[in-house]
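First the structure, in the form of structure tokens, and then the observations on it.
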Amino acid sequence: MHRSAPATPQKAPAPAQRIRLARVLACAAVPVMLVAVGCSSDSGAKKKTDTSSASSSSSSASSSASGGKQASASPSLAPAKFAKLPEACQSVSEKTIDTYVPKAKTKAGEVGKTADPQSQASCTWNGLDDKGVDGSQYRWLDVDLKRYDSTPGLGSGEALAQKQFDHAVSSARSTSDATNVKTAPVSGLGDQATAIVFNLKKSDADFSYAVVVVRTANAVVTLDYNGAGFQGADGPDTGDVLKGATDAAKEAVAAVATANNK
């Protein structure tokens, strides 16, 4: 019969060890949150911790109160200057259309689709002027109007219009396959204006483009004018299309102001 080895007698813990052991066993039965407060240090350290916590809470409350005062003191956004847009197809005069889009298919223009005409509107004119043996001239003009309200969390109407202005200028400058791209500011037009001219070959014809982007307060006006010659005719140069785009842009900017003065 196998006999187990005699048990080795255990040395009884010293009094100090018994105290620490009892405290460890007592802490083991206490929830974790209480252990962190009551069992990690002696009573003196606990008092110090409580004082520090109270000071931290007081500081947080003071900071929150201060933050609340600052938030309540923040100025509200000023209302946007322009509350509506004009009808896009009436923002450019018939005389200008006759001059820059001769033989326009529809002098009244073709209205662009929009879900909110007071925030976004557009109109397009195009036509082919056949000059017989001298060839033909094609012209296309588009006016695009955008308006922005001051919106909490997004910014003022003017700030939002500024972003759209920058985006429109960047888009025109980066037109795919464009050549001879040139950009220049336009003085005396709105709060800021930029003109972009370039050449673009499409449909076996060389097109000249001019895009004039204008920000007036919280509205952005973009005028895109281009043309080409067909059947052996020379197309317009960039100076011609730039003049047409600029003249039409001036009328559209004035139309925005007029619409809001009624």
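Residue numbers start at 1 in each chain; chains themselves are named A, B, ... in the order of the structure tokens; ligands are numbered from 1 in the order shown.
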**OP:** Fewer than 4 positions away in the same chain doesn't count, so skip those; otherwise give me all residues within 8 Å of region 138-152 of chain A, counting only C-alpha atoms, as JSON, numbers by chain.
**Re:** {"A": [77, 78, 79, 80, 82, 83, 84, 85, 88, 100, 101, 102, 118, 119, 120, 121, 122, 123, 124, 125, 126, 127, 128, 129, 156, 157, 158, 160, 161, 218, 219, 220, 221, 222, 223, 224, 225, 226, 227, 228, 229, 230, 245, 249, 252]}
**OP:** Can you list, as a PyMOL selection string, all residues belonging to region 130-225 of chain A that DSSP tags as strand (DSSP E)?
**Re:** chain A and resi 130+136-147+179-185+192-202+205-216+219-225
**OP:** Write out as a list in words the residues lying within 8 Å of Phe198 (chain A), counting only C-alpha atoms and excluding same-chain residues fewer than 3 positions away.
**Re:** Ala178, Thr179, Asn180, Val181, Lys182, Ser208, Tyr209, Ala210 and Thr238 of chain A
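Put simply, CA of Lys250 (chain A) is 10.8 Å away from CA of Ser93 (chain A).
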Original post:
Residues at most 9 Å from Asp134 (chain A), counting only C-alpha atoms, excluding those fewer than 3 positions away in the same chain, as a list in words?
Top reply: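 Once the adjacent positions are removed, what remains is Asp130, Lys131, Gln231, Gly232 and Ala233 of chain A.
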Original post:
Suppose you want the space between CA of Thr216 (chain A) and CA of Thr114 (chain A); what is it in Å?
Top reply: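 That distance, rounded to one decimal, is 21.0 Å.
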Subject >> Residue with smallest distance to Val256 (chain A) - pool A:Lys107, A:Arg215, A:Lys243, A:Lys113, counting only C-alpha atoms >> reply: A:Arg215
Could you pull out all residues of region 75-187 of chain A with a DSSP call of helix (DSSP H, G or I) and give them as a PDB file with C-alpha atoms, in the first residue's frame?
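Final output, selection01.pdb:
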ATOM      1  CA  ALA A  88     -31.710  82.964 -64.190  1.00  0.00           C
ATOM      2  CA  CYS A  89     -32.993  83.345 -67.756  1.00  0.00           C
ATOM      3  CA  GLN A  90     -33.870  86.972 -67.032  1.00  0.00           C
ATOM      4  CA  GLU A  94     -31.935  89.936 -74.723  1.00  0.00           C
ATOM      5  CA  LYS A  95     -29.570  92.516 -76.228  1.00  0.00           C
ATOM      6  CA  THR A  96     -26.588  90.701 -74.740  1.00  0.00           C
ATOM      7  CA  ILE A  97     -27.895  87.378 -76.019  1.00  0.00           C
ATOM      8  CA  ASP A  98     -28.351  88.854 -79.530  1.00  0.00           C
ATOM      9  CA  THR A  99     -24.774  90.149 -79.408  1.00  0.00           C
ATOM     10  CA  TYR A 100     -22.992  87.094 -78.031  1.00  0.00           C
ATOM     11  CA  GLY A 132     -22.814  80.048 -96.009  1.00  0.00           C
ATOM     12  CA  VAL A 133     -19.491  79.881 -97.832  1.00  0.00           C
ATOM     13  CA  ASP A 134     -17.870  81.727 -94.946  1.00  0.00           C
ATOM     14  CA  GLY A 157     -23.610  83.003 -45.881  1.00  0.00           C
ATOM     15  CA  GLU A 158     -20.584  84.933 -47.117  1.00  0.00           C
ATOM     16  CA  ALA A 159     -18.142  82.312 -45.809  1.00  0.00           C
ATOM     17  CA  LEU A 160     -20.075  79.528 -47.539  1.00  0.00           C
ATOM     18  CA  ALA A 161     -20.210  81.574 -50.759  1.00  0.00           C
ATOM     19  CA  GLN A 162     -16.447  82.072 -50.498  1.00  0.00           C
ATOM     20  CA  LYS A 163     -15.953  78.301 -50.459  1.00  0.00           C
ATOM     21  CA  GLN A 164     -18.152  77.911 -53.543  1.00  0.00           C
ATOM     22  CA  PHE A 165     -16.267  80.720 -55.287  1.00  0.00           C
ATOM     23  CA  ASP A 166     -12.931  78.990 -54.652  1.00  0.00           C
ATOM     24  CA  HIS A 167     -14.381  75.666 -55.818  1.00  0.00           C
ATOM     25  CA  ALA A 168     -15.777  77.135 -59.063  1.00  0.00           C
ATOM     26  CA  VAL A 169     -12.473  78.829 -59.909  1.00  0.00           C
ATOM     27  CA  SER A 170     -10.537  75.633 -59.197  1.00  0.00           C
ATOM     28  CA  SER A 171     -12.931  73.551 -61.324  1.00  0.00           C
ATOM     29  CA  ALA A 172     -12.612  75.890 -64.311  1.00  0.00           C
ATOM     30  CA  ARG A 173      -8.818  75.949 -64.063  1.00  0.00           C
TER      31      ARG A 173
END
